[in-house]
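Participant: Quick one, target30.txt (compact mmCIF, C-alpha atoms):
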# COMPACT_ATOMS: atom_id res chain seq x y z
CA MET A 109 -0.21 -5.68 11.09
CA LYS A 110 -3.39 -4.59 9.36
CA ARG A 111 -3.78 -5.22 5.65
CA ILE A 112 -4.87 -2.07 3.78
CA LEU A 113 -6.95 -1.81 0.61
CA PHE A 114 -6.68 1.69 -0.84
CA PHE A 115 -9.25 2.50 -3.52
CA ALA A 116 -8.25 5.53 -5.62
CA HIS A 117 -7.34 6.24 -9.21
CA SER A 118 -5.48 9.56 -8.98
CA SER A 119 -1.73 9.66 -8.31
CA LYS A 120 -2.48 12.51 -5.92
CA TYR A 121 -3.80 9.83 -3.57
CA THR A 122 -1.87 6.72 -4.57
CA LEU A 123 1.50 8.47 -4.10
CA GLY A 124 0.51 9.59 -0.62
CA LEU A 125 -1.20 7.64 2.13
CA PRO A 126 -0.36 4.11 0.86
CA GLN A 127 3.35 4.82 1.38
CA GLY A 128 2.64 5.75 4.99
CA PHE A 129 1.06 2.35 5.63
CA ARG A 130 3.99 0.60 3.96
CA GLU A 131 6.37 2.41 6.31
CA LEU A 132 4.34 0.97 9.20
CA ASN A 133 4.87 -2.48 7.65
CA CYS A 134 1.23 -2.82 6.62
CA PRO A 135 0.67 -4.74 3.37
CA VAL A 136 -1.07 -2.41 0.89
CA PHE A 137 -3.18 -3.17 -2.18
CA ILE A 138 -3.92 -0.15 -4.41
CA LEU A 139 -7.14 -0.62 -6.36
CA ARG A 140 -7.06 1.92 -9.21
CA ASP A 141 -9.89 0.63 -11.40
CA LEU A 142 -12.97 -1.48 -10.79
CA SER A 143 -13.81 -4.67 -12.61
CA ARG A 144 -15.10 -7.97 -11.32
CA SER A 145 -11.63 -9.53 -11.50
CA SER A 146 -9.87 -6.57 -9.82
CA ILE A 147 -12.44 -6.57 -7.00
CA ILE A 148 -11.97 -10.31 -6.42
CA ASP A 149 -8.19 -9.80 -6.35
CA ALA A 150 -8.51 -6.89 -3.92
CA ILE A 151 -11.05 -8.42 -1.53
CA ASP A 152 -11.14 -12.22 -1.85
CA HIS A 153 -7.46 -12.80 -2.53
CA PHE A 154 -5.78 -9.93 -0.66
CA ARG A 155 -8.22 -10.12 2.28
CA PRO A 156 -7.78 -6.60 3.68
CA ASP A 157 -8.60 -5.58 7.24
CA ILE A 158 -9.28 -1.94 6.31
CA MET A 159 -10.54 -0.41 3.07
CA ILE A 160 -10.06 3.31 2.43
CA THR A 161 -12.07 5.15 -0.22
CA THR A 162 -11.67 8.80 -1.25
CA GLY A 163 -12.92 11.77 -3.20
CA TRP A 164 -15.11 11.75 -6.29
CA ALA A 165 -14.27 8.19 -7.34
CA TYR A 166 -17.94 7.13 -7.38
CA ARG A 167 -18.46 9.21 -10.54
CA ARG A 168 -15.85 7.23 -12.43
CA TYR A 169 -17.30 3.74 -12.01
CA SER A 170 -20.58 1.94 -12.54
CA ARG A 171 -22.90 1.50 -9.59
CA GLU A 172 -22.81 -2.23 -10.28
CA HIS A 173 -19.05 -2.41 -9.67
CA ILE A 174 -19.18 -0.16 -6.61
CA ASP A 175 -21.93 -2.32 -5.12
CA GLU A 176 -19.84 -5.41 -5.84
CA LEU A 177 -16.87 -3.85 -4.04
CA THR A 178 -18.80 -2.79 -0.95
CA LYS A 179 -20.76 -6.05 -0.69
CA ARG A 180 -17.63 -8.17 -0.86
CA ALA A 181 -15.94 -5.93 1.69
CA ALA A 182 -18.94 -6.35 4.01
CA LYS A 183 -18.96 -10.12 3.47
CA TYR A 184 -15.39 -10.39 4.78
CA LYS A 185 -16.03 -7.81 7.53
CA VAL A 186 -13.53 -5.31 6.11
CA LYS A 187 -13.55 -2.05 8.09
CA HIS A 188 -14.45 0.61 5.50
CA VAL A 189 -13.26 4.19 6.12
CA TYR A 190 -14.25 6.99 3.75
CA TRP A 191 -11.70 9.83 3.66
CA ALA A 192 -13.68 13.00 2.88
CA THR A 193 -11.05 15.05 1.05
CA GLU A 194 -13.49 17.49 -0.58
CA ASP A 195 -14.92 18.99 2.62
CA PRO A 196 -16.26 21.54 3.33
CA ARG A 197 -16.80 22.98 -0.16
CA TRP A 198 -18.28 19.82 -1.63
CA THR A 199 -19.71 18.03 1.39
CA GLU A 200 -23.20 17.76 -0.08
CA LYS A 201 -22.25 17.15 -3.71
CA CYS A 202 -19.36 14.77 -3.06
CA SER A 203 -19.04 13.45 0.50
CA PHE A 204 -22.74 12.80 1.11
CA ARG A 205 -23.04 11.13 -2.28
CA CYS A 206 -20.06 8.91 -1.52
CA ILE A 207 -21.49 7.94 1.85
CA GLU A 208 -24.79 7.10 0.22
CA THR A 209 -23.03 5.07 -2.48
CA TYR A 210 -20.27 3.38 -0.47
CA LYS A 211 -22.04 2.99 2.89
CA PRO A 212 -18.76 3.20 4.86
CA ASP A 213 -18.40 2.13 8.48
CA ALA A 214 -16.67 5.39 9.44
CA VAL A 215 -15.53 8.73 8.03
CA MET A 216 -12.38 10.79 8.40
CA THR A 217 -12.45 14.35 7.03
CA ILE A 218 -9.79 16.93 6.23
CA HIS A 219 -12.06 19.61 7.74
CA PRO A 220 -12.28 19.55 11.57
CA GLY A 221 -15.56 21.45 11.50
CA SER A 222 -17.23 18.69 9.48
CA VAL A 223 -16.56 15.88 11.97
CA ASN A 224 -19.81 16.47 13.87
CA ILE A 225 -21.81 16.46 10.62
CA TYR A 226 -20.92 12.80 10.13
CA ARG A 227 -21.42 11.94 13.78
CA GLU A 228 -24.93 13.37 13.54
CA LEU A 229 -25.52 10.93 10.68
CA GLY A 230 -24.63 8.13 13.09
CA LEU A 231 -21.17 7.46 11.69
CA PRO A 232 -17.97 7.30 13.74
CA ALA A 233 -15.91 10.24 12.46
CA GLY A 234 -12.54 11.90 12.99
CA HIS A 235 -10.18 14.47 11.49
CA LEU A 236 -7.34 13.50 9.15
CA ASP A 237 -5.18 16.13 7.45
CA PHE A 238 -3.35 15.66 4.21
CA GLY A 239 0.39 15.09 4.56
CA CYS A 240 3.57 14.59 2.58
CA ASN A 241 5.36 11.51 1.31
CA PRO A 242 9.14 11.97 1.69
CA GLU A 243 9.67 9.28 -0.95
CA PHE A 244 8.01 11.61 -3.49
CA ASN A 245 7.96 15.08 -1.93
CA LYS A 246 11.73 15.63 -1.71
CA TYR A 247 14.66 17.54 -3.15
CA GLU A 248 15.46 16.92 -6.79
CA PRO A 249 17.53 18.81 -9.39
CA GLN A 250 16.08 21.98 -10.87
CA SER A 251 14.42 21.64 -14.25
CA SER A 252 14.79 24.43 -16.81
CA LYS A 253 11.26 23.60 -17.96
CA TYR A 254 9.86 24.88 -14.68
CA ASP A 255 12.35 27.69 -14.01
CA TYR A 256 10.13 30.62 -12.96
CA ASP A 257 10.31 33.24 -10.24
CA VAL A 258 6.82 32.34 -9.05
CA ALA A 259 4.65 29.28 -9.66
CA LEU A 260 1.15 28.23 -8.74
CA ILE A 261 -0.29 24.73 -9.05
CA GLY A 262 -4.01 24.47 -8.39
CA ASN A 263 -7.33 24.71 -10.16
CA GLY A 264 -9.27 27.88 -10.76
CA GLY A 265 -12.59 28.07 -8.95
CA ARG A 266 -15.93 27.06 -10.39
CA GLU A 267 -18.10 29.40 -8.32
CA TRP A 268 -15.48 31.28 -6.25
CA LYS A 269 -17.62 31.15 -3.11
CA SER A 270 -14.95 29.90 -0.73
CA TYR A 271 -11.88 31.49 0.85
CA ARG A 272 -10.00 30.35 -2.25
CA LYS A 273 -11.24 33.56 -3.90
CA ASP A 274 -9.59 35.66 -1.17
CA SER A 275 -6.38 33.63 -1.49
CA VAL A 276 -6.23 34.33 -5.21
CA GLN A 277 -6.82 38.04 -4.76
CA ILE A 278 -4.15 38.31 -2.04
CA LEU A 279 -1.49 36.10 -3.62
CA LEU A 280 -2.00 35.88 -7.36
CA LYS A 281 -3.76 39.05 -8.51
CA PRO A 282 -1.03 41.58 -7.53
CA LEU A 283 1.72 39.52 -9.18
CA VAL A 284 -0.23 38.99 -12.39
CA GLU A 285 -1.13 42.67 -12.62
CA ARG A 286 2.53 43.67 -12.20
CA GLY A 287 3.75 41.19 -14.80
CA TYR A 288 5.98 38.98 -12.66
CA ASN A 289 7.67 35.93 -14.18
CA ILE A 290 4.91 33.57 -13.08
CA ALA A 291 3.53 30.24 -14.31
CA ILE A 292 0.09 28.86 -13.41
CA TRP A 293 -0.84 25.20 -13.80
CA GLY A 294 -4.33 23.77 -13.33
CA LYS A 295 -7.83 23.69 -14.72
CA ARG A 296 -10.14 26.60 -15.52
CA TRP A 297 -7.65 29.49 -15.38
CA ASP A 298 -8.35 30.17 -19.06
CA SER A 299 -12.01 30.77 -18.17
CA LEU A 300 -11.42 32.98 -15.12
CA ASN A 301 -14.44 35.15 -14.27
CA GLU A 302 -12.62 38.45 -14.77
CA GLU A 303 -15.55 40.61 -13.67
CA LEU A 304 -15.96 38.70 -10.40
CA MET A 305 -12.24 38.32 -9.64
CA GLY A 306 -11.20 41.81 -10.74
CA PHE A 307 -8.27 40.91 -12.98
CA LYS A 308 -7.27 39.15 -16.18
CA ILE A 309 -4.52 36.54 -16.55
CA PRO A 310 -2.34 36.88 -19.68
CA THR A 311 -2.40 33.76 -21.79
CA HIS A 312 1.37 33.21 -21.56
CA MET A 313 1.12 32.70 -17.77
CA ILE A 314 -1.40 29.87 -18.09
CA LYS A 315 0.29 26.50 -18.63
CA GLY A 316 -2.70 24.14 -18.48
CA GLU A 317 -3.01 20.94 -16.49
CA LEU A 318 0.05 19.29 -14.99
CA PRO A 319 0.43 15.57 -14.23
CA TYR A 320 0.74 15.07 -10.49
CA GLU A 321 4.02 13.24 -11.04
CA GLU A 322 5.52 16.51 -12.31
CA THR A 323 4.51 18.70 -9.36
CA ASN A 324 7.60 18.02 -7.27
CA LYS A 325 9.80 19.24 -10.13
CA VAL A 326 7.97 22.56 -10.14
CA TYR A 327 8.37 22.95 -6.38
CA ASN A 328 12.11 22.38 -6.75
CA SER A 329 12.55 24.63 -9.79
CA ALA A 330 10.49 27.77 -9.20
CA ARG A 331 11.85 30.15 -6.57
CA ILE A 332 8.53 30.92 -4.87
CA ILE A 333 5.44 28.70 -4.78
CA LEU A 334 2.07 30.30 -4.10
CA GLY A 335 -0.13 28.22 -1.80
CA LEU A 336 -3.84 28.99 -2.04
CA GLN A 337 -6.03 28.01 0.92
CA ASN A 338 -9.67 27.02 0.53
CA ASP A 339 -10.89 27.58 4.07
CA HIS A 340 -9.80 29.18 7.33
CA ASP A 341 -10.12 25.87 9.19
CA MET A 342 -8.25 23.40 7.01
CA LEU A 343 -5.11 23.05 4.91
CA THR A 344 -4.75 22.05 1.28
CA SER A 345 -2.70 19.02 0.32
CA ARG A 346 -0.23 21.27 -1.50
CA THR A 347 0.65 23.03 1.75
CA PHE A 348 2.33 19.84 2.98
CA GLU A 349 3.60 18.76 -0.44
CA VAL A 350 5.39 22.03 -1.25
CA LEU A 351 7.06 22.08 2.17
CA GLY A 352 7.98 18.40 1.88
CA SER A 353 9.64 19.02 -1.47
CA GLY A 354 11.90 21.65 0.05
CA GLY A 355 10.13 24.41 -1.90
CA PHE A 356 9.59 27.93 -0.58
CA LEU A 357 5.88 28.40 0.18
CA LEU A 358 4.13 31.77 0.21
CA THR A 359 0.60 31.39 1.52
CA VAL A 360 -2.00 33.25 3.61
CA PRO A 361 -2.08 33.36 7.44
CA THR A 362 -5.26 31.42 8.14
CA PRO A 363 -5.74 29.98 11.65
CA SER A 364 -4.92 26.52 10.29
CA VAL A 365 -1.67 27.72 8.74
CA THR A 366 -0.49 29.59 11.83
CA LYS A 367 -1.53 26.74 14.14
CA LEU A 368 0.91 24.31 12.52
CA PHE A 369 3.60 26.56 11.05
CA ILE A 370 5.58 29.63 12.07
CA ASN A 371 5.59 32.58 9.69
CA ASN A 372 9.03 33.30 8.20
CA VAL A 373 10.42 30.18 9.87
CA HIS A 374 8.68 27.33 7.98
CA LEU A 375 6.97 29.36 5.25
CA SER A 376 5.95 32.94 4.59
CA CYS A 377 2.48 34.49 4.88
CA ALA A 378 0.97 37.46 3.07
CA SER A 379 -2.09 39.17 4.57
CA SER A 380 -2.69 41.58 1.69
CA PRO A 381 -1.76 42.14 -1.95
CA GLU A 382 0.80 44.70 -0.80
CA ASP A 383 2.35 42.09 1.52
CA THR A 384 2.60 39.68 -1.37
CA VAL A 385 4.51 42.11 -3.57
CA ASP A 386 6.86 43.11 -0.75
CA LEU A 387 7.57 39.50 0.24
CA VAL A 388 8.11 38.32 -3.33
CA ASN A 389 10.50 41.21 -4.00
CA TYR A 390 12.41 40.49 -0.79
CA PHE A 391 12.72 36.73 -1.17
CA LEU A 392 13.64 36.87 -4.86
CA LYS A 393 16.62 39.02 -3.86
CA ASN A 394 17.50 37.12 -0.67
CA THR A 395 18.17 33.57 -1.81
CA ALA A 396 19.82 32.45 1.44
CA ALA A 397 16.86 33.56 3.57
CA ARG A 398 14.44 31.86 1.18
CA GLN A 399 16.40 28.61 1.20
CA GLU A 400 16.71 28.57 5.00
CA ILE A 401 12.94 28.89 5.43
CA ALA A 402 12.38 26.17 2.83
CA ARG A 403 14.74 23.84 4.70
CA ASN A 404 12.98 24.56 7.99
CA GLY A 405 9.62 23.87 6.41
CA GLN A 406 10.78 20.55 5.05
CA LEU A 407 12.17 19.47 8.42
CA GLU A 408 8.90 20.42 10.11
CA VAL A 409 6.64 18.39 7.83
CA TYR A 410 9.06 15.46 7.77
CA SER A 411 8.97 15.34 11.57
CA LYS A 412 5.22 15.84 12.11
CA HIS A 413 3.17 15.65 8.93
CA THR A 414 4.19 12.66 6.84
CA TYR A 415 1.72 10.07 5.57
CA LYS A 416 3.34 7.60 7.94
CA GLU A 417 1.91 9.70 10.76
CA ARG A 418 -1.46 9.95 8.99
CA ALA A 419 -1.52 6.17 8.51
CA ARG A 420 -0.86 5.73 12.22
CA GLN A 421 -3.78 8.06 12.96
CA ILE A 422 -6.09 5.93 10.83
CA LEU A 423 -5.02 2.74 12.55
CA ASP A 424 -5.58 4.34 15.98
CA PHE A 425 -8.96 5.65 14.85
CA CYS A 426 -10.05 2.23 13.59
CA SER A 427 -8.93 0.63 16.87
CA SER A 428 -11.00 3.11 18.87
CA VAL A 429 -14.04 2.47 16.66
CA GLU A 430 -13.68 -1.28 17.19
CA ARG A 431 -13.46 -0.81 20.96
CA ASN A 432 -16.61 1.29 20.95
Using structure tokens, write down the structure from this file.
Facilitator:
Amino acid sequence: MKRILFFAHSSKYTLGLPQGFRELNCPVFILRDLSRSSIIDAIDHFRPDIMITTGWAYRRYSREHIDELTKRAAKYKVKHVYWATEDPRWTEKCSFRCIETYKPDAVMTIHPGSVNIYRELGLPAGHLDFGCNPEFNKYEPQSSKYDYDVALIGNGGREWKSYRKDSVQILLKPLVERGYNIAIWGKRWDSLNEELMGFKIPTHMIKGELPYEETNKVYNSARIILGLQNDHDMLTSRTFEVLGSGGFLLTVPTPSVTKLFINNVHLSCASSPEDTVDLVNYFLKNTAARQEIARNGQLEVYSKHTYKERARQILDFCSSVERN
């Protein structure tokens, strides 16, 4: 089996895809921080076949250490795949910078529409969704700390130029304005552009940043989880994670959502603020219906959208690149 070097610092990544490779019996080395000794351990001693890099990591480390990592990987002919998890909102500011810095052999992107962008740059490219890790995204006992009718985990926008703005106005705005028992975790909600977004969030609803390790507890404790979407043509990581946890997900009916999931079977979709209020009122009263949909959603992602499946996709992709 292939030996996998996974370079990422955030638990959002390290608690995901690496587990999928382990379940395929691939040895995995997680490289969280860069130093000369850690690079030697990861490349010279572990001797990976494939190295996967992600996200904004280039901003965290010195160019000297990144160059050391990529040069050693090239020396041992390690196949380097960059997973572009910030497309399409940050393709220029993040993905292109990472490609320039890392010089990967190939790219996989969470946004199907961005695949051709990388191919036009001369790089082999493919689509790879986020997924769920059943070892982490799973049932666990309710926590009184996170006992709310409605919860949202996700950052507020910087510029609000993407579909995320629409998601917030459909899902969050009507519930905040009507004073529901809601908790919001993430960055920048305390500096929401009220004039642009058309509403104000009371301070007591804003809970600040939440360690990734705590997210599954929220999904198992709040009765309804709001799932913002950033784009019509892709799905956020939390879509899969909430469903994997057995949480009840209320999101918006984008083409990507309705392509993979059935409304009111695996999750529930609101097309307008009025829909959101009606659905929240209904599902708060109808616990059995809510729990049945949550169970269906978990079964669906466990059968089709785990990181074991995503790891298999990467291995198949790398094999096709080698053949070409």
Participant: Considering only C-alpha atoms, return as a list in words whatever protein or nucleic-acid residues lie within 7 Å of A:Ile278, sequence-local ones (same chain, fewer than 5 positions apart) excluded.
Facilitator: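 Using only C-alpha atoms, the neighbours found are Ser379, Ser380, Pro381 and Thr384 of chain A.
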Participant: Between A:Leu423, A:Leu407, A:Leu336, A:Ile370, which has the minimum distance to A:Ser270 (counting only C-alpha atoms)?
Facilitator: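 Of all the options, A:Leu336 lies closest to A:Ser270.
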Participant: Suppose you want the space between atom CA of A:Ser203 and atom CA of A:Lys416; what is it in Å?
Facilitator: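 These two atoms are separated by 24.3 Å.
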Participant: Would you list the contacts of stretch 283-285 of chain A as a PDB file with C-alpha atoms, in the coordinates of the input, taking every protein, DNA or RNA residue within 9 Å and counting all atoms listed in the file, but skipping same-chain residues closer than 2 positions in sequence?
Facilitator:
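Here's the written file part36.pdb:
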ATOM      1  CA  VAL A 258       6.820  32.340  -9.050  1.00  0.00           C
ATOM      2  CA  LEU A 279      -1.490  36.100  -3.620  1.00  0.00           C
ATOM      3  CA  LEU A 280      -2.000  35.880  -7.360  1.00  0.00           C
ATOM      4  CA  LYS A 281      -3.760  39.050  -8.510  1.00  0.00           C
ATOM      5  CA  GLY A 287       3.750  41.190 -14.800  1.00  0.00           C
ATOM      6  CA  TYR A 288       5.980  38.980 -12.660  1.00  0.00           C
ATOM      7  CA  ASN A 289       7.670  35.930 -14.180  1.00  0.00           C
ATOM      8  CA  ILE A 290       4.910  33.570 -13.080  1.00  0.00           C
ATOM      9  CA  PHE A 307      -8.270  40.910 -12.980  1.00  0.00           C
ATOM     10  CA  LYS A 308      -7.270  39.150 -16.180  1.00  0.00           C
ATOM     11  CA  ILE A 309      -4.520  36.540 -16.550  1.00  0.00           C
ATOM     12  CA  PRO A 310      -2.340  36.880 -19.680  1.00  0.00           C
ATOM     13  CA  MET A 313       1.120  32.700 -17.770  1.00  0.00           C
ATOM     14  CA  PRO A 381      -1.760  42.140  -1.950  1.00  0.00           C
ATOM     15  CA  THR A 384       2.600  39.680  -1.370  1.00  0.00           C
ATOM     16  CA  VAL A 385       4.510  42.110  -3.570  1.00  0.00           C
ATOM     17  CA  VAL A 388       8.110  38.320  -3.330  1.00  0.00           C
TER      18      VAL A 388
END
Participant: How close does stretch 331-391 of chain A get to stretch 231-242 of chain A? List, as JSON lines, each residue of stretch 331-391 of chain A within 7 Å, its nearest atom pair and the distance in Å to one decimal, counting all atoms listed in the file.
Facilitator:
{"residue": "A:Ser345", "atom": "CA", "partner": "A:Phe238", "partner_atom": "CA", "distance": 5.2}
{"residue": "A:Phe348", "atom": "CA", "partner": "A:Gly239", "partner_atom": "CA", "distance": 5.4}
{"residue": "A:Glu349", "atom": "CA", "partner": "A:Cys240", "partner_atom": "CA", "distance": 5.1}
{"residue": "A:Gly352", "atom": "CA", "partner": "A:Cys240", "partner_atom": "CA", "distance": 5.9}
Participant: Between A:Leu357, A:Ile207, A:Ala330, A:Leu387, single out the one closest to A:Pro282, counting all atoms listed in the file.
Facilitator: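 Going through A:Leu357, A:Ile207, A:Ala330, A:Leu387 one by one, the smallest distance to A:Pro282 is for A:Leu387.
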Participant: Give the answer as one residue: which of A:Val365, A:Phe391, A:Asp213, A:Thr199 has the shortest atom-to-atom distance to A:Asp257, using all atoms listed in the file?
Facilitator: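 Of the candidates, the smallest distance to A:Asp257 is held by A:Phe391.
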Participant: Can you tell me which residues surround stretch 426-428 of chain A at a distance of at most 12 Å, considering all atoms listed in the file, apart from same-chain residues fewer than 5 positions away, and format the answer as a ChimeraX atom specification?
Facilitator: /A:110,112,157-160,186-190,213-216,232-234,419-421
Participant: Report, in Å to a single decimal, how far apart atom CA of A:Arg272 and atom CA of A:Asp339 are.
Facilitator: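 Pair atom CA of A:Asp339 / atom CA of A:Arg272 returns 7.0 Å.
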Participant: Could you give me, as JSON, numbers by chain, the residues that sit within 9 Å of (8.4, 23.2, 2.1) in the file's coordinates, counting only C-alpha atoms?
Facilitator: {"A": [327, 347, 348, 349, 350, 351, 352, 353, 354, 355, 356, 357, 374, 375, 401, 402, 403, 404, 405, 406, 407, 408, 409]}
Participant: Include C-alpha atoms and write out the residues we just selected as a PDB file, in the frame of the given file.
Facilitator:
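Listing of result_12.pdb after writing:
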ATOM      1  CA  TYR A 327       8.370  22.950  -6.380  1.00  0.00           C
ATOM      2  CA  THR A 347       0.650  23.030   1.750  1.00  0.00           C
ATOM      3  CA  PHE A 348       2.330  19.840   2.980  1.00  0.00           C
ATOM      4  CA  GLU A 349       3.600  18.760  -0.440  1.00  0.00           C
ATOM      5  CA  VAL A 350       5.390  22.030  -1.250  1.00  0.00           C
ATOM      6  CA  LEU A 351       7.060  22.080   2.170  1.00  0.00           C
ATOM      7  CA  GLY A 352       7.980  18.400   1.880  1.00  0.00           C
ATOM      8  CA  SER A 353       9.640  19.020  -1.470  1.00  0.00           C
ATOM      9  CA  GLY A 354      11.900  21.650   0.050  1.00  0.00           C
ATOM     10  CA  GLY A 355      10.130  24.410  -1.900  1.00  0.00           C
ATOM     11  CA  PHE A 356       9.590  27.930  -0.580  1.00  0.00           C
ATOM     12  CA  LEU A 357       5.880  28.400   0.180  1.00  0.00           C
ATOM     13  CA  HIS A 374       8.680  27.330   7.980  1.00  0.00           C
ATOM     14  CA  LEU A 375       6.970  29.360   5.250  1.00  0.00           C
ATOM     15  CA  ILE A 401      12.940  28.890   5.430  1.00  0.00           C
ATOM     16  CA  ALA A 402      12.380  26.170   2.830  1.00  0.00           C
ATOM     17  CA  ARG A 403      14.740  23.840   4.700  1.00  0.00           C
ATOM     18  CA  ASN A 404      12.980  24.560   7.990  1.00  0.00           C
ATOM     19  CA  GLY A 405       9.620  23.870   6.410  1.00  0.00           C
ATOM     20  CA  GLN A 406      10.780  20.550   5.050  1.00  0.00           C
ATOM     21  CA  LEU A 407      12.170  19.470   8.420  1.00  0.00           C
ATOM     22  CA  GLU A 408       8.900  20.420  10.110  1.00  0.00           C
ATOM     23  CA  VAL A 409       6.640  18.390   7.830  1.00  0.00           C
TER      24      VAL A 409
END
Participant: In Å, how far is it from atom CA of A:Asn301 to atom CA of A:Val326?
Facilitator: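 Those two atoms sit 26.0 Å apart.
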Participant: Leaving out stretch 133-138 of chain A and any residue of its chain fewer than 2 positions from it, which residues lie within 8 Å of it when counting all atoms listed in the file, given as a list of chain:residue names?
Facilitator: A:Met109, A:Lys110, A:Arg111, A:Ile112, A:Leu113, A:Phe114, A:Phe115, A:Ala116, A:Thr122, A:Pro126, A:Phe129, A:Arg130, A:Glu131, A:Arg140, A:Ala150, A:Phe154
Participant: Now that the selection is made, can you save its residues with C-alpha atoms as an mmCIF file, keeping the file's coordinate frame?
Facilitator:
data_model
loop_
_atom_site.group_PDB
_atom_site.id
_atom_site.type_symbol
_atom_site.label_atom_id
_atom_site.label_comp_id
_atom_site.auth_asym_id
_atom_site.auth_seq_id
_atom_site.Cartn_x
_atom_site.Cartn_y
_atom_site.Cartn_z
ATOM 1 C CA MET A 109 -0.210 -5.680 11.090
ATOM 2 C CA LYS A 110 -3.390 -4.590 9.360
ATOM 3 C CA ARG A 111 -3.780 -5.220 5.650
ATOM 4 C CA ILE A 112 -4.870 -2.070 3.780
ATOM 5 C CA LEU A 113 -6.950 -1.810 0.610
ATOM 6 C CA PHE A 114 -6.680 1.690 -0.840
ATOM 7 C CA PHE A 115 -9.250 2.500 -3.520
ATOM 8 C CA ALA A 116 -8.250 5.530 -5.620
ATOM 9 C CA THR A 122 -1.870 6.720 -4.570
ATOM 10 C CA PRO A 126 -0.360 4.110 0.860
ATOM 11 C CA PHE A 129 1.060 2.350 5.630
ATOM 12 C CA ARG A 130 3.990 0.600 3.960
ATOM 13 C CA GLU A 131 6.370 2.410 6.310
ATOM 14 C CA ARG A 140 -7.060 1.920 -9.210
ATOM 15 C CA ALA A 150 -8.510 -6.890 -3.920
ATOM 16 C CA PHE A 154 -5.780 -9.930 -0.660
#
Participant: Quick one: of A:Lys120, A:Asn328, A:Tyr410, A:Ala396, who's nearest to A:Pro249, counting all atoms listed in the file?
Facilitator: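 Closest to A:Pro249, using all atoms listed in the file: A:Asn328.
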Participant: At a cut-off of 10 Å from (-3.1, 25.7, -13.7) in the coordinates of the file, what residues are picked up using all atoms listed in the file, written as a VMD selection string?
Facilitator: chain A and resid 259 to 264 291 to 298 313 to 318
Participant: My structure is short of atoms at stretch 237-250 of chain A; please model N, CA and C atoms there, returning them as an mmCIF file, in the coordinates of the input.
Facilitator:
data_model
loop_
_atom_site.group_PDB
_atom_site.id
_atom_site.type_symbol
_atom_site.label_atom_id
_atom_site.label_comp_id
_atom_site.auth_asym_id
_atom_site.auth_seq_id
_atom_site.Cartn_x
_atom_site.Cartn_y
_atom_site.Cartn_z
ATOM 1 N N ASP A 237 -5.774 15.194 8.409
ATOM 2 C CA ASP A 237 -5.180 16.130 7.450
ATOM 3 C C ASP A 237 -4.532 15.385 6.297
ATOM 4 N N PHE A 238 -4.273 16.139 5.224
ATOM 5 C CA PHE A 238 -3.350 15.660 4.210
ATOM 6 C C PHE A 238 -1.954 15.601 4.838
ATOM 7 N N GLY A 239 -0.975 15.158 4.059
ATOM 8 C CA GLY A 239 0.390 15.090 4.560
ATOM 9 C C GLY A 239 1.361 15.117 3.403
ATOM 10 N N CYS A 240 2.584 14.692 3.653
ATOM 11 C CA CYS A 240 3.570 14.590 2.580
ATOM 12 C C CYS A 240 4.196 13.202 2.607
ATOM 13 N N ASN A 241 4.685 12.797 1.460
ATOM 14 C CA ASN A 241 5.360 11.510 1.310
ATOM 15 C C ASN A 241 6.821 11.789 0.976
ATOM 16 N N PRO A 242 7.726 11.647 1.946
ATOM 17 C CA PRO A 242 9.140 11.970 1.690
ATOM 18 C C PRO A 242 9.781 11.154 0.570
ATOM 19 N N GLU A 243 9.144 10.047 0.178
ATOM 20 C CA GLU A 243 9.670 9.280 -0.950
ATOM 21 C C GLU A 243 9.367 9.970 -2.284
ATOM 22 N N PHE A 244 8.370 10.862 -2.275
ATOM 23 C CA PHE A 244 8.010 11.610 -3.490
ATOM 24 C C PHE A 244 8.240 13.101 -3.315
ATOM 25 N N ASN A 245 7.775 13.660 -2.206
ATOM 26 C CA ASN A 245 7.960 15.080 -1.930
ATOM 27 C C ASN A 245 9.345 15.284 -1.314
ATOM 28 N N LYS A 246 10.330 15.571 -2.157
ATOM 29 C CA LYS A 246 11.730 15.630 -1.710
ATOM 30 C C LYS A 246 12.527 16.506 -2.664
ATOM 31 N N TYR A 247 13.770 16.787 -2.270
ATOM 32 C CA TYR A 247 14.660 17.540 -3.150
ATOM 33 C C TYR A 247 14.909 16.766 -4.432
ATOM 34 N N GLU A 248 14.973 17.484 -5.539
ATOM 35 C CA GLU A 248 15.460 16.920 -6.790
ATOM 36 C C GLU A 248 16.050 18.053 -7.623
ATOM 37 N N PRO A 249 16.864 17.752 -8.612
ATOM 38 C CA PRO A 249 17.530 18.810 -9.390
ATOM 39 C C PRO A 249 16.517 19.745 -10.059
ATOM 40 N N GLN A 250 16.912 21.007 -10.178
ATOM 41 C CA GLN A 250 16.080 21.980 -10.870
ATOM 42 C C GLN A 250 15.883 21.578 -12.326
#
